[in-house]
$ cat coords29.cif   # mmCIF, C-alpha atoms
data_run
loop_
_atom_site.label_atom_id
_atom_site.label_comp_id
_atom_site.auth_asym_id
_atom_site.auth_seq_id
_atom_site.Cartn_x
_atom_site.Cartn_y
_atom_site.Cartn_z
CA HIS B 28 -8.19 2.36 -5.74
CA CYS B 29 -10.07 2.18 -2.45
CA PRO B 30 -9.48 -0.94 -0.32
CA LYS B 31 -13.20 -1.02 0.56
CA THR B 32 -16.48 -1.33 -1.28
CA PRO B 33 -18.16 2.05 -1.90
CA ALA B 34 -20.75 1.14 0.77
CA GLN B 35 -18.03 0.52 3.34
CA GLU B 36 -16.21 3.69 2.38
CA GLU B 37 -19.36 5.78 2.70
CA ILE B 38 -20.29 4.40 6.12
CA GLU B 39 -16.85 4.10 7.71
CA ASP B 40 -14.87 6.94 6.14
CA ASN B 41 -17.48 9.56 5.21
CA ILE B 42 -20.23 9.05 7.79
CA LYS B 43 -17.65 7.68 10.26
CA MET B 44 -19.81 4.97 11.78
CA ASP B 45 -19.20 1.30 12.48
CA TYR B 46 -20.21 -0.75 9.46
CA LYS B 47 -21.85 -3.62 11.34
CA THR B 48 -23.88 -1.42 13.69
CA PHE B 49 -24.99 1.02 10.97
CA PRO B 50 -28.80 0.84 10.47
CA LYS B 51 -29.35 -2.40 8.62
CA LYS B 52 -31.90 -1.21 6.06
CA LEU B 53 -29.79 1.77 5.07
CA ARG B 54 -26.67 -0.38 4.87
CA GLU B 55 -28.45 -2.91 2.67
CA ARG B 56 -29.57 -0.15 0.31
CA LEU B 57 -25.98 0.99 -0.09
CA GLU B 58 -24.82 -2.60 -0.59
CA LYS B 59 -27.51 -3.12 -3.25
CA ILE B 60 -26.15 -0.14 -5.20
CA ASP B 61 -22.71 -1.75 -5.18
CA GLN B 62 -24.07 -5.14 -6.23
CA ASP B 63 -26.16 -3.70 -9.06
CA SER B 64 -23.22 -1.66 -10.33
CA PHE B 65 -20.99 -4.72 -10.52
CA LYS B 66 -23.73 -6.94 -11.95
CA ASN B 67 -24.99 -4.56 -14.65
CA ALA B 68 -21.58 -3.58 -16.02
CA ASP B 69 -20.75 -5.10 -19.41
CA TYR B 70 -17.14 -5.42 -18.29
CA LEU B 71 -15.26 -4.87 -15.05
CA VAL B 72 -11.68 -3.61 -15.13
CA PHE B 73 -9.24 -4.21 -12.28
CA PRO B 74 -5.48 -3.59 -12.09
CA CYS B 75 -4.97 -7.29 -11.30
CA LYS B 76 -6.91 -10.23 -9.91
CA GLU B 77 -5.39 -9.76 -6.46
CA ALA B 78 -6.96 -6.28 -6.27
CA GLN B 79 -10.41 -7.91 -6.09
CA GLU B 80 -9.58 -9.34 -2.66
CA PRO B 81 -11.06 -6.57 -0.44
CA TYR B 82 -14.30 -6.49 -2.47
CA GLU B 83 -14.65 -10.27 -2.24
CA GLU B 84 -15.11 -9.95 1.51
CA ASP B 85 -18.73 -9.13 0.57
CA LYS B 86 -20.11 -12.58 -0.32
CA ASN B 87 -22.69 -11.16 -2.74
CA ILE B 88 -20.10 -9.19 -4.67
CA LYS B 89 -17.78 -12.19 -4.60
CA GLU B 90 -20.46 -14.30 -6.30
CA ILE B 91 -20.95 -11.61 -8.95
CA LEU B 92 -17.22 -11.35 -9.58
CA GLU B 93 -16.87 -15.12 -9.87
CA GLU B 94 -19.67 -15.21 -12.45
CA LYS B 95 -18.16 -12.30 -14.40
CA TYR B 96 -14.78 -14.02 -14.36
CA ARG B 97 -16.25 -17.27 -15.72
CA ASP B 98 -17.93 -15.28 -18.50
CA LYS B 99 -14.64 -13.51 -19.31
CA LYS B 100 -16.18 -10.16 -18.40
CA ILE B 101 -13.35 -9.09 -16.09
CA LEU B 102 -10.34 -7.43 -17.68
CA TYR B 103 -7.03 -6.51 -16.08
CA VAL B 104 -4.87 -3.44 -16.69
CA PRO B 105 -2.16 -2.64 -14.12
CA THR B 106 -2.21 1.03 -13.12
CA GLY B 107 0.56 3.39 -14.22
CA ILE B 108 1.65 6.75 -12.83
CA PRO B 109 4.09 9.54 -13.72
CA VAL B 110 7.61 8.95 -12.42
CA LYS B 111 8.34 10.97 -9.29
CA HIS B 112 11.41 13.08 -10.07
CA ILE B 113 12.64 13.86 -6.56
CA ASP B 114 16.30 14.60 -5.92
CA LYS B 115 17.98 13.11 -2.89
CA ASP B 116 18.92 15.77 -0.32
CA GLU B 117 21.41 14.62 2.29
CA LYS B 118 20.45 17.56 4.52
CA PHE B 119 16.68 17.17 4.24
CA PHE B 120 16.18 15.73 7.73
CA SER B 121 19.02 17.59 9.46
CA ASN B 122 17.58 20.88 8.19
CA LYS B 123 14.46 19.99 10.16
CA GLY B 124 16.39 19.30 13.32
CA ILE B 125 16.27 15.51 12.96
CA ASP B 126 19.55 13.72 13.59
CA VAL B 127 19.73 10.85 11.09
CA LYS B 128 23.52 10.47 10.95
CA ASP B 129 24.45 6.76 10.79
CA LYS B 130 20.75 5.89 11.18
CA PHE B 131 18.67 3.38 9.23
CA ILE B 132 15.82 5.65 8.10
CA VAL B 133 12.47 3.92 7.70
CA SER B 134 9.51 5.84 6.28
CA TYR B 135 5.74 5.51 6.16
CA ILE B 136 3.36 7.92 4.43
CA GLY B 137 -0.39 7.44 4.71
CA ARG B 138 -3.49 7.48 6.83
CA HIS B 139 -3.12 6.57 10.47
CA ASN B 140 -5.83 3.92 10.54
CA LYS B 141 -6.30 0.17 10.75
CA VAL B 142 -6.94 -0.49 7.05
CA LYS B 143 -3.64 1.13 6.13
CA GLY B 144 -1.94 -0.88 8.87
CA TYR B 145 -0.76 2.01 11.01
CA ASP B 146 -1.68 0.12 14.19
CA PHE B 147 0.50 -2.80 13.04
CA LEU B 148 3.28 -0.38 12.09
CA LYS B 149 3.28 0.84 15.69
CA GLU B 150 3.58 -2.73 16.99
CA LEU B 151 6.50 -3.31 14.66
CA GLY B 152 8.04 0.04 15.60
CA VAL B 153 7.97 -0.68 19.32
CA LYS B 154 9.84 -3.96 18.85
CA VAL B 155 12.35 -2.52 16.37
CA LEU B 156 13.16 0.50 18.52
CA GLU B 157 13.69 -1.75 21.55
CA LYS B 158 16.23 -3.75 19.56
CA TYR B 159 18.03 -1.13 17.46
CA SER B 160 19.29 2.26 18.65
CA ASP B 161 20.33 3.24 15.12
CA VAL B 162 16.89 2.99 13.50
CA ILE B 163 14.63 6.00 13.06
CA PHE B 164 11.07 5.99 11.78
CA VAL B 165 9.89 9.07 9.86
CA ILE B 166 6.12 9.19 9.44
CA GLY B 167 3.88 11.36 7.28
CA GLY B 168 0.11 11.67 7.49
CA GLU B 169 -2.48 13.29 9.71
CA ILE B 170 -2.07 12.18 13.33
CA SER B 171 -5.01 10.15 14.66
CA GLU B 172 -6.52 10.26 18.14
CA GLU B 173 -7.49 6.60 17.79
CA PHE B 174 -3.89 5.56 17.06
CA PRO B 175 -1.56 8.08 18.72
CA PRO B 176 2.15 7.96 17.79
CA ILE B 177 4.79 6.03 19.69
CA GLU B 178 6.51 8.19 22.27
CA ASN B 179 10.13 7.68 21.30
CA LYS B 180 12.74 10.15 20.05
CA ASN B 181 13.41 7.86 17.10
CA TRP B 182 9.76 7.88 16.03
CA VAL B 183 9.25 11.19 14.21
CA GLU B 184 5.81 12.29 13.02
CA PHE B 185 5.61 15.00 10.36
CA GLY B 186 1.80 15.11 10.46
CA TRP B 187 0.01 16.17 7.30
CA THR B 188 2.74 17.23 4.90
CA LYS B 189 3.39 18.20 1.30
CA GLU B 190 6.89 16.74 1.59
CA GLY B 191 5.94 13.08 1.57
CA TYR B 192 7.98 12.33 -1.54
CA ASN B 193 11.04 14.01 -0.02
CA ILE B 194 10.62 11.88 3.10
CA ILE B 195 10.52 8.72 1.01
CA LYS B 196 13.40 9.69 -1.28
CA ASN B 197 15.69 10.47 1.66
CA SER B 198 14.82 7.29 3.56
CA ASP B 199 16.54 3.92 3.32
CA MET B 200 13.33 1.88 3.19
CA PHE B 201 9.56 2.33 3.01
CA VAL B 202 7.04 0.27 5.01
CA LEU B 203 3.63 -0.57 3.54
CA PRO B 204 1.77 -2.52 6.27
CA ASN B 205 -1.75 -2.57 4.76
CA GLU B 206 -4.37 -4.63 6.56
CA LYS B 207 -6.07 -4.85 3.17
CA THR B 208 -5.50 -3.06 -0.09
CA TYR B 209 -6.70 -2.71 -3.65
CA PHE B 210 -3.67 -1.59 -5.71
CA ASP B 211 -1.96 0.99 -3.57
CA LEU B 212 -0.74 4.00 -5.55
CA ILE B 213 1.82 4.82 -2.88
CA LEU B 214 3.57 1.55 -3.72
CA LEU B 215 3.93 2.62 -7.36
CA GLU B 216 5.23 6.00 -6.21
CA VAL B 217 7.80 4.34 -3.96
CA LEU B 218 8.91 2.03 -6.78
CA SER B 219 9.33 5.05 -9.06
CA MET B 220 11.71 6.57 -6.50
CA GLY B 221 13.81 3.41 -6.31
CA ALA B 222 13.16 2.57 -2.67
CA PRO B 223 13.13 -0.92 -1.12
CA VAL B 224 9.84 -1.83 0.57
CA LEU B 225 8.80 -3.92 3.56
CA LEU B 226 5.17 -4.79 2.86
CA SER B 227 2.24 -6.96 3.88
CA GLU B 228 1.22 -9.84 1.65
CA THR B 229 -2.35 -8.74 0.88
CA GLY B 230 -4.53 -7.61 -2.03
CA GLY B 231 -2.75 -5.87 -4.89
CA ASN B 232 0.54 -5.94 -2.99
CA LYS B 233 0.78 -9.63 -3.88
CA TYR B 234 0.76 -8.92 -7.62
CA PHE B 235 4.38 -7.76 -7.53
CA LYS B 236 5.56 -11.21 -6.49
CA ILE B 237 5.57 -12.08 -10.20
CA TYR B 238 8.90 -10.23 -10.45
CA ASP B 239 11.82 -12.50 -9.61
CA GLU B 240 14.20 -9.57 -9.27
CA ASN B 241 12.62 -7.20 -6.76
CA GLY B 242 13.42 -5.21 -3.66
CA LEU B 243 10.18 -6.16 -1.93
CA PHE B 244 10.28 -7.85 1.47
CA TYR B 245 6.93 -9.50 2.16
CA PHE B 246 5.48 -10.55 5.49
CA GLU B 247 2.16 -12.23 6.22
CA LYS B 248 -0.27 -9.58 7.41
CA TYR B 249 -0.69 -9.43 11.21
CA ASN B 250 2.38 -11.68 11.55
CA LEU B 251 4.65 -9.59 13.77
CA GLU B 252 7.29 -12.29 14.11
CA GLU B 253 7.70 -12.60 10.34
CA ALA B 254 7.68 -8.82 9.89
CA LEU B 255 10.51 -8.54 12.43
CA GLU B 256 12.48 -11.25 10.62
CA LYS B 257 12.12 -9.39 7.35
CA PHE B 258 13.08 -6.14 9.06
CA ASP B 259 16.24 -7.80 10.39
CA GLU B 260 17.04 -8.91 6.84
CA THR B 261 16.73 -5.38 5.48
CA TYR B 262 18.69 -3.96 8.42
CA ASN B 263 21.58 -6.31 7.72
CA LEU B 264 21.53 -5.39 4.03
CA TRP B 265 21.67 -1.72 5.05
CA LYS B 266 24.58 -2.39 7.41
CA ASN B 267 26.43 -4.05 4.56
CA ARG B 268 25.58 -1.17 2.18
CA LYS B 269 23.58 -3.44 -0.10
CA LEU B 270 19.99 -2.33 0.57
CA SER B 271 20.07 0.43 -2.05
CA LEU B 272 20.65 -2.26 -4.70
CA GLU B 273 17.23 -3.68 -3.79
CA GLY B 274 15.69 -0.27 -4.41
CA GLU B 275 17.27 -0.15 -7.86
CA LYS B 276 15.47 -3.39 -8.70
CA ASN B 277 12.18 -1.71 -7.84
CA TYR B 278 12.93 1.25 -10.10
CA ARG B 279 13.58 -1.14 -13.00
CA ILE B 280 10.21 -2.81 -12.37
CA PHE B 281 8.50 0.57 -12.43
CA LYS B 282 10.20 1.71 -15.65
CA LYS B 283 9.32 -1.55 -17.37
CA ASP B 284 5.62 -1.86 -16.54
CA PHE B 285 4.13 1.04 -14.56
CA THR B 286 4.80 4.29 -16.40
CA VAL B 287 1.98 6.43 -17.77
CA ASN B 288 2.96 5.49 -21.34
CA THR B 289 2.73 1.77 -20.62
CA PHE B 290 -0.58 2.32 -18.83
CA GLY B 291 -1.97 4.18 -21.85
CA GLU B 292 -0.81 1.52 -24.29
CA ASN B 293 -2.39 -1.23 -22.21
CA TYR B 294 -5.68 0.65 -21.92
CA THR B 295 -5.79 1.30 -25.66
CA ARG B 296 -5.20 -2.39 -26.30
CA LEU B 297 -8.01 -3.26 -23.86
CA TYR B 298 -10.53 -0.95 -25.56
CA ASN B 299 -9.63 -2.30 -28.96
CA GLU B 300 -10.35 -5.81 -27.70
CA VAL B 301 -13.83 -5.06 -26.36
CA LYS B 302 -15.19 -2.40 -28.77
#

$ encode --input "coords29.cif" --output "structure tokens"
Amino acid sequence: HCPKTPAQEEIEDNIKMDYKTFPKKLRERLEKIDQDSFKNADYLVFPCKEAQEPYEEDKNIKEILEEKYRDKKILYVPTGIPVKHIDKDEKFFSNKGIDVKDKFIVSYIGRHNKVKGYDFLKELGVKVLEKYSDVIFVIGGEISEEFPPIENKNWVEFGWTKEGYNIIKNSDMFVLPNEKTYFDLILLEVLSMGAPVLLSETGGNKYFKIYDENGLFYFEKYNLEEALEKFDETYNLWKNRKLSLEGEKNYRIFKKDFTVNTFGENYTRLYNEVK
């Protein structure tokens, strides 16, 4: 479920070096491992076709995937997860000294980096907080020196926390601003908690557009103007006490197609087809 090839993940996230300036011969050796792994597999399994998008940025892997697809050697099984049973707690934020009375509470949980879209979230946050005095962002995830938080009383950083699910459950909306993504597990977790989502139209995020009845508000990635328009739409729904109905749509989607039981049934069916 990584939004990068293993070679990219090793260089950028583990070694923490720039991918393009990493020693070419070493980088090519890592890339060759990726290519051979994809090429030599009898079958490749993805959650959905859209999840291939970040891997297809590597032209060699893209060619391999296109060949595998033509040969019907790529199979698709959407991921499932356990439902997150988190009770709503009206005093969760106030008990932490955060005044959220009559506030539109917007949450984000995740890494503070470019791939996860934290830099774009900040751009959006600056504009939103300039416009609305009754919006508060509550953010979970380790604070980054590269992308420091917005300095605003209505931008609250929890840092690394074990209470991410409580933050989501007690918020009015979740933002998923990925620059690129595979099939983000946090989205499934948010759906399981019945929260509406403002999200970028990229990678596996796009798969959920198949559902006509959803509480998902898409914006083109990097498109700040469109993201602000969608935010205004959700804000108005919240003002009219209708936004929670959008979250209920997301919970129904989760219960229908993304539980552990459904995941297991789909995987069993897949294995029976290829054995």

$ resolve_selection --input "coords29.cif" --expression "the PyMOL selection byres ((chain B and resi 148) around 10)" --output "ChimeraX atom specification"
/B:135,139,141,143-147,149-153,202-205,249,251,254

$ closest_atom_pairs --input "coords29.cif" --of "range 44-137 of chain B" --to "range 276-285 of chain B" --cutoff "8 Å" --atoms "only C-alpha atoms" --output "tab-separated table"
residue	atom	partner	partner_atom	distance
B:Pro105	CA	B:Phe285	CA	7.3
B:Thr106	CA	B:Phe285	CA	6.5
B:Gly107	CA	B:Phe285	CA	4.3
B:Ile108	CA	B:Phe285	CA	6.5

$ closest_residue --input "coords29.cif" --among "B:Ser171, B:Gly231, B:Asp199, B:Tyr298" --to "Lys269 in chain B" --atoms "all atoms listed in the file"
B:Asp199

$ closest_atom_pairs --input "coords29.cif" --of "range 71-167 of chain B" --to "range 187-191 of chain B" --cutoff "9 Å" --atoms "only C-alpha atoms" --output "tab-separated table"
residue	atom	partner	partner_atom	distance
B:Tyr135	CA	B:Gly191	CA	8.9
B:Ile136	CA	B:Gly191	CA	6.4
B:Ile166	CA	B:Gly191	CA	8.8
B:Gly167	CA	B:Trp187	CA	6.2

$ write_last_selection --input "coords29.cif" --atoms "C-alpha atoms" --output "short mmCIF file (atom, residue, chain, number, x, y, z; two decimals), in the coordinates of the input"
data_model
loop_
_atom_site.label_atom_id
_atom_site.label_comp_id
_atom_site.auth_asym_id
_atom_site.auth_seq_id
_atom_site.Cartn_x
_atom_site.Cartn_y
_atom_site.Cartn_z
CA TYR B 135 5.74 5.51 6.16
CA ILE B 136 3.36 7.92 4.43
CA ILE B 166 6.12 9.19 9.44
CA GLY B 167 3.88 11.36 7.28
#

$ closest_residue --input "coords29.cif" --among "B:Ile237, B:Lys207, B:Ile125, B:Phe131" --to "Asn267 in chain B" --atoms "only C-alpha atoms"
B:Phe131

$ closest_residue --input "coords29.cif" --among "B:Leu218, B:Asp98, B:Leu255, B:Glu247" --to "Glu157 in chain B" --atoms "only C-alpha atoms"
B:Leu255

$ resolve_selection --input "coords29.cif" --expression "the PyMOL selection byres ((chain B and resi 210) around 12)" --output "PyMOL selection string"
chain B and resi 28-31+73-81+103-107+203+205+207-209+211-216+229-235
